[in-house]
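Asker: Once you've had a glance at the structure underneath, I'll fire off some questions.
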Amino acid sequence: MTRVVVAGPTGRMGQLLCEEVRAAGLVLAGALERPGHPRLGETIAGAKITDDVDAALAGADVYIDFTAPEATIALAARAAGKGVAGVIGTTGIDAAGQAALETSARKIPLVVAANFSLGVAILCDLAERAARALPGFDLEVVELHHKLKRDAPSGTALAVASALARGRGLDPKTATRAARAGDVGARPEAEIGVFAVRGGDVVGEHTAYLMGPAERIEITHRATDRRIFAKGAVRAAAWVAGKAPGRYGIRDVLGL
Ligand code: NAD
């Protein structure tokens, strides 16, 4: 049976991940929190919360990490040293951090996804196909999240923008524009605007806009319960254990 360690087990996602690991019939083999966390030593879903990385990873097949960028990069390097596979849902990881994850993925299999819901994987697929089919349409992405979210725009919004860019043959790094203010001039054709709205307790909403003359398409995904992300991550954990080293995405897990 797959033995799973959850990092950040007391967080919004971490608590659900611990529950879903057990609900899926996998073994919750460890719960890893940051040093100094007030709940160290307590038990969560049957696992003791610890800050001892080596002890938590010992005997684990896979770890799941929905924490914060610096913590995620450091843990991937430690897991690579121990040969433990990983599932990473943390967002807001910059280019240097992504490069560090690539280095870890040379030694272990890592599933990295800004969004673990099946619905968002389908949204990206539809957005890519629509952008390809409508070459003259302007492309934009708008996302809404709860007021505690730290990174903006969301990793999922950037993934939707990348899907639109793929459909158009654009490089997402140069095409994506994450803000407009002031005298910005007319909208360049090869630009994909991405905008973040923050407030309340919104779990996550993403809309891809494709806007042409006299008509407009909006493709929207609305998450109402973050448990869908935990279920998807646990599914990825069961899938990734025993895979060859490398970086994988949610599409690999779902076979899309
Ligand atoms: P949160 O702040 O509620 O939880 C983060 C947890 O990580 C906390 O318990 C914190 O103590 C812990 N942590 C911090 N540093 C740590 C370390 N060094 N070792 C172990 N634990 C550490 O945040 P959240 O809402 O649960 O979100 C966490 C991350 O997951 C964010 O980046 C968020 O954007 C992302 N997220 C991704 C998806 C997805 O599907 N990929 C879905 C929802 C959230």
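Simple scheme: letters A, B, ... for chains in structure tokens order, numbers from 1 for residues in each chain, numbers from 1 for ligands in the order shown.
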Find the nearest atom pair between each residue of chain A and ligand 1 for residues within 6 Å, count only C-alpha atoms and all ligand atoms, give distances in Å to one decimal, sort rows by chain and ascending number, and present the table as JSON lines.
Answerer:
```
{"residue": "A:Ala7", "atom": "CA", "partner": "ligand 1", "partner_atom_place_in_ligand_line": "20 (C)", "distance": 4.8}
{"residue": "A:Gly8", "atom": "CA", "partner": "ligand 1", "partner_atom_place_in_ligand_line": "21 (N)", "distance": 3.6}
{"residue": "A:Pro9", "atom": "CA", "partner": "ligand 1", "partner_atom_place_in_ligand_line": "9 (O)", "distance": 5.6}
{"residue": "A:Thr10", "atom": "CA", "partner": "ligand 1", "partner_atom_place_in_ligand_line": "9 (O)", "distance": 4.3}
{"residue": "A:Gly11", "atom": "CA", "partner": "ligand 1", "partner_atom_place_in_ligand_line": "4 (O)", "distance": 3.3}
{"residue": "A:Arg12", "atom": "CA", "partner": "ligand 1", "partner_atom_place_in_ligand_line": "26 (O)", "distance": 3.8}
{"residue": "A:Met13", "atom": "CA", "partner": "ligand 1", "partner_atom_place_in_ligand_line": "26 (O)", "distance": 3.7}
{"residue": "A:Gly14", "atom": "CA", "partner": "ligand 1", "partner_atom_place_in_ligand_line": "26 (O)", "distance": 5.7}
{"residue": "A:Leu32", "atom": "CA", "partner": "ligand 1", "partner_atom_place_in_ligand_line": "20 (C)", "distance": 5.1}
{"residue": "A:Glu33", "atom": "CA", "partner": "ligand 1", "partner_atom_place_in_ligand_line": "20 (C)", "distance": 3.6}
{"residue": "A:Arg34", "atom": "CA", "partner": "ligand 1", "partner_atom_place_in_ligand_line": "17 (C)", "distance": 3.7}
{"residue": "A:Phe66", "atom": "CA", "partner": "ligand 1", "partner_atom_place_in_ligand_line": "30 (O)", "distance": 4.0}
{"residue": "A:Thr67", "atom": "CA", "partner": "ligand 1", "partner_atom_place_in_ligand_line": "7 (O)", "distance": 3.6}
{"residue": "A:Ala68", "atom": "CA", "partner": "ligand 1", "partner_atom_place_in_ligand_line": "32 (O)", "distance": 5.2}
{"residue": "A:Ala71", "atom": "CA", "partner": "ligand 1", "partner_atom_place_in_ligand_line": "18 (N)", "distance": 4.2}
{"residue": "A:Gly89", "atom": "CA", "partner": "ligand 1", "partner_atom_place_in_ligand_line": "41 (N)", "distance": 3.5}
{"residue": "A:Thr90", "atom": "CA", "partner": "ligand 1", "partner_atom_place_in_ligand_line": "32 (O)", "distance": 3.7}
{"residue": "A:Thr91", "atom": "CA", "partner": "ligand 1", "partner_atom_place_in_ligand_line": "32 (O)", "distance": 4.0}
{"residue": "A:Ala113", "atom": "CA", "partner": "ligand 1", "partner_atom_place_in_ligand_line": "41 (N)", "distance": 5.2}
{"residue": "A:Ala114", "atom": "CA", "partner": "ligand 1", "partner_atom_place_in_ligand_line": "41 (N)", "distance": 3.9}
{"residue": "A:Asn115", "atom": "CA", "partner": "ligand 1", "partner_atom_place_in_ligand_line": "40 (O)", "distance": 3.2}
{"residue": "A:Phe116", "atom": "CA", "partner": "ligand 1", "partner_atom_place_in_ligand_line": "40 (O)", "distance": 4.0}
{"residue": "A:Phe229", "atom": "CA", "partner": "ligand 1", "partner_atom_place_in_ligand_line": "40 (O)", "distance": 4.5}
```
Asker: Give me, as a ChimeraX atom specification, all polymer residues having an atom no more than 8 Å from range 170-178 of chain A, counting only C-alpha atoms and skipping those fewer than 4 positions away in the same chain.
Answerer: /A:153,158,161-162,165-166,190-195
Asker: With all heavy atoms retained, write the just-selected residues as a compact mmCIF listing (two decimals), in the first residue's frame.
Answerer:
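What landed in result.txt:
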```txt
# COMPACT_ATOMS: atom_id res chain seq x y z
N PRO A 153 -1.04 36.81 -10.32
CA PRO A 153 -2.26 36.03 -10.52
C PRO A 153 -2.04 34.58 -10.12
O PRO A 153 -0.91 34.15 -9.91
CB PRO A 153 -2.50 36.16 -12.03
CG PRO A 153 -1.16 36.43 -12.62
CD PRO A 153 -0.39 37.19 -11.59
N LEU A 158 -2.30 31.38 -14.80
CA LEU A 158 -1.13 31.34 -15.68
C LEU A 158 -1.15 30.07 -16.53
O LEU A 158 -0.73 30.09 -17.70
CB LEU A 158 0.17 31.43 -14.86
CG LEU A 158 0.34 32.77 -14.11
CD1 LEU A 158 1.53 32.71 -13.17
CD2 LEU A 158 0.47 33.93 -15.09
N ALA A 161 -3.59 30.73 -19.25
CA ALA A 161 -2.95 31.62 -20.24
C ALA A 161 -1.96 30.84 -21.11
O ALA A 161 -1.88 31.05 -22.32
CB ALA A 161 -2.23 32.76 -19.52
N SER A 162 -1.24 29.90 -20.49
CA SER A 162 -0.29 29.08 -21.27
C SER A 162 -1.02 28.22 -22.28
O SER A 162 -0.56 28.03 -23.41
CB SER A 162 0.52 28.17 -20.34
OG SER A 162 1.37 28.93 -19.54
N ALA A 165 -2.00 30.38 -25.08
CA ALA A 165 -0.79 30.69 -25.85
C ALA A 165 -0.42 29.51 -26.75
O ALA A 165 -0.08 29.70 -27.93
CB ALA A 165 0.36 31.04 -24.91
N ARG A 166 -0.50 28.30 -26.20
CA ARG A 166 -0.18 27.10 -27.00
C ARG A 166 -1.09 27.03 -28.23
O ARG A 166 -0.63 26.74 -29.34
CB ARG A 166 -0.39 25.83 -26.17
CG ARG A 166 0.83 25.38 -25.39
CD ARG A 166 0.70 23.92 -24.97
NE ARG A 166 -0.51 23.60 -24.24
CZ ARG A 166 -0.68 23.82 -22.93
NH1 ARG A 166 0.28 24.35 -22.22
NH2 ARG A 166 -1.82 23.51 -22.34
N ALA A 190 -0.74 39.96 -29.96
CA ALA A 190 -0.08 38.79 -29.35
C ALA A 190 0.09 38.99 -27.84
O ALA A 190 1.18 38.82 -27.30
CB ALA A 190 1.27 38.55 -30.01
N GLU A 191 -0.99 39.36 -27.18
CA GLU A 191 -0.92 39.60 -25.74
C GLU A 191 -2.06 38.83 -25.07
O GLU A 191 -3.16 38.76 -25.60
CB GLU A 191 -1.07 41.09 -25.46
CG GLU A 191 -1.01 41.45 -23.99
CD GLU A 191 -0.96 42.98 -23.81
OE1 GLU A 191 0.10 43.56 -24.03
OE2 GLU A 191 -2.01 43.55 -23.45
N ILE A 192 -1.76 38.24 -23.91
CA ILE A 192 -2.81 37.57 -23.13
C ILE A 192 -2.81 38.21 -21.74
O ILE A 192 -1.88 38.01 -20.96
CB ILE A 192 -2.55 36.05 -23.04
CG1 ILE A 192 -2.45 35.44 -24.45
CG2 ILE A 192 -3.67 35.38 -22.24
CD1 ILE A 192 -2.02 33.98 -24.46
N GLY A 193 -3.83 39.01 -21.46
CA GLY A 193 -3.94 39.67 -20.16
C GLY A 193 -4.43 38.68 -19.11
O GLY A 193 -5.29 37.84 -19.39
N VAL A 194 -3.87 38.78 -17.90
CA VAL A 194 -4.27 37.88 -16.80
C VAL A 194 -4.51 38.74 -15.55
O VAL A 194 -3.62 39.49 -15.14
CB VAL A 194 -3.16 36.85 -16.49
CG1 VAL A 194 -3.64 35.86 -15.43
CG2 VAL A 194 -2.76 36.10 -17.75
N PHE A 195 -5.71 38.64 -14.97
CA PHE A 195 -6.10 39.57 -13.90
C PHE A 195 -6.66 38.84 -12.68
O PHE A 195 -7.38 37.85 -12.80
CB PHE A 195 -7.14 40.55 -14.43
CG PHE A 195 -6.58 41.31 -15.60
CD1 PHE A 195 -6.84 40.88 -16.89
CD2 PHE A 195 -5.73 42.38 -15.41
CE1 PHE A 195 -6.27 41.52 -17.98
CE2 PHE A 195 -5.16 43.03 -16.49
CZ PHE A 195 -5.43 42.60 -17.77
```
Asker: Using only C-alpha atoms, which residue out of A:Ala159, A:Ala186, A:Val240, A:Leu256 lies closest to Ala208 in chain A?
Answerer: A:Ala159
Asker: Can you list every residue of range 29-136 of chain A that has an atom at most 9 Å from range 216-219 of chain A, with its nearest atom pair and the distance in Å to one decimal, using only C-alpha atoms, ordered by chain then number, as a tab-separated table?
Answerer:
```
residue	atom	partner	partner_atom	distance
A:Leu123	CA	A:Ile219	CA	7.1
A:Leu126	CA	A:Ile219	CA	8.0
A:Ala127	CA	A:Ile219	CA	7.3
A:Ala130	CA	A:Ile217	CA	8.9
```
Asker: Can you tell me how far CA of Arg251 in chain A sits from CA of Ala121 in chain A, in Å to one decimal?
Answerer: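 Computing it gives 7.0 Å between the two atoms.
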Asker: Name all residues at most 6 Å from Val62 in chain A (count only C-alpha atoms; drop same-chain ones fewer than 3 positions away) and give them as an MDAnalysis selection string.
Answerer: chainID A and resid 4 84:86
Asker: Include N, CA, C and O atoms and write out the residues we just selected as an mmCIF file, in the first residue's frame.
Answerer:
```cif
data_model
loop_
_atom_site.group_PDB
_atom_site.id
_atom_site.type_symbol
_atom_site.label_atom_id
_atom_site.label_comp_id
_atom_site.auth_asym_id
_atom_site.auth_seq_id
_atom_site.Cartn_x
_atom_site.Cartn_y
_atom_site.Cartn_z
ATOM 1 N N VAL A 4 2.247 7.658 2.284
ATOM 2 C CA VAL A 4 2.251 9.067 1.882
ATOM 3 C C VAL A 4 2.559 9.982 3.062
ATOM 4 O O VAL A 4 1.983 9.821 4.141
ATOM 5 N N VAL A 84 12.319 9.693 -2.678
ATOM 6 C CA VAL A 84 10.875 9.682 -2.411
ATOM 7 C C VAL A 84 10.161 10.534 -3.474
ATOM 8 O O VAL A 84 10.514 11.701 -3.676
ATOM 9 N N ALA A 85 9.180 9.959 -4.152
ATOM 10 C CA ALA A 85 8.430 10.672 -5.200
ATOM 11 C C ALA A 85 7.607 11.803 -4.588
ATOM 12 O O ALA A 85 7.315 11.776 -3.384
ATOM 13 N N GLY A 86 7.243 12.792 -5.423
ATOM 14 C CA GLY A 86 6.522 13.937 -4.880
ATOM 15 C C GLY A 86 5.346 14.400 -5.724
ATOM 16 O O GLY A 86 5.306 14.186 -6.930
#
```
Asker: Compile the contact shell of Gly83 in chain A as a PyMOL selection string: residues with an atom at most 10 Å away, counting only C-alpha atoms, same-chain residues fewer than 4 positions apart removed.
Answerer: chain A and resi 57-58+60-62+77-79+104+107-109+245
Asker: Show which residues sit within 8 Å of Ala105 in chain A, as a compact mmCIF listing (two decimals) with C-alpha atoms, in the first residue's frame. Count only C-alpha atoms, and ignore same-chain residues fewer than 5 positions away.
Answerer:
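That gives us around-v3.txt:
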```
# COMPACT_ATOMS: atom_id res chain seq x y z
CA ALA A 80 15.42 13.71 -4.20
CA LEU A 110 7.50 14.83 -9.41
CA PRO A 245 12.28 10.25 -12.49
CA GLY A 246 11.01 13.32 -14.33
CA ARG A 247 8.54 16.15 -14.10
```
Asker: Tell me, as a PyMOL selection string, which residues lie within 7 Å of range 44-50 of chain A, counting only C-alpha atoms; anything in the same chain fewer than 4 positions away does not count.
Answerer: chain A and resi 18-19+28-33+40
Asker: Using N, CA and C atoms, can you write the selected residues to a file as a tab-separated table (two decimals), in the first residue's frame?
Answerer:
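Writing the result to out.tsv gives the following:
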```tsv
chain	number	residue	atom	x	y	z
A	18	CYS	N	-4.68	15.15	4.29
A	18	CYS	CA	-4.55	14.06	5.26
A	18	CYS	C	-5.81	13.19	5.25
A	19	GLU	N	-6.99	13.83	5.22
A	19	GLU	CA	-8.24	13.08	5.21
A	19	GLU	C	-8.38	12.25	3.94
A	28	LEU	N	-1.30	7.19	5.59
A	28	LEU	CA	-0.70	8.48	5.96
A	28	LEU	C	0.49	8.18	6.87
A	29	ALA	N	1.69	8.21	6.25
A	29	ALA	CA	2.90	7.74	6.94
A	29	ALA	C	3.60	8.86	7.70
A	30	GLY	N	3.20	10.12	7.47
A	30	GLY	CA	3.85	11.21	8.18
A	30	GLY	C	3.17	12.53	7.89
A	31	ALA	N	3.34	13.49	8.82
A	31	ALA	CA	2.76	14.83	8.69
A	31	ALA	C	3.85	15.83	9.05
A	32	LEU	N	4.33	16.56	8.05
A	32	LEU	CA	5.53	17.38	8.20
A	32	LEU	C	5.19	18.87	8.23
A	33	GLU	N	5.44	19.51	9.37
A	33	GLU	CA	5.16	20.95	9.48
A	33	GLU	C	6.47	21.75	9.58
A	40	LEU	N	3.17	21.12	16.51
A	40	LEU	CA	4.14	20.01	16.46
A	40	LEU	C	3.86	19.07	17.63
```
Asker: Compile the contact shell of Tyr248 in chain A as a PyMOL selection string: residues with an atom at most 7 Å away, counting only C-alpha atoms, same-chain residues fewer than 3 positions apart removed.
Answerer: chain A and resi 110-112+252
Asker: When you count only C-alpha atoms, which of these residues is closest to Pro69 in chain A: A:Ile88, A:Val202, A:Leu139, A:Ile250?
Answerer: A:Ile88
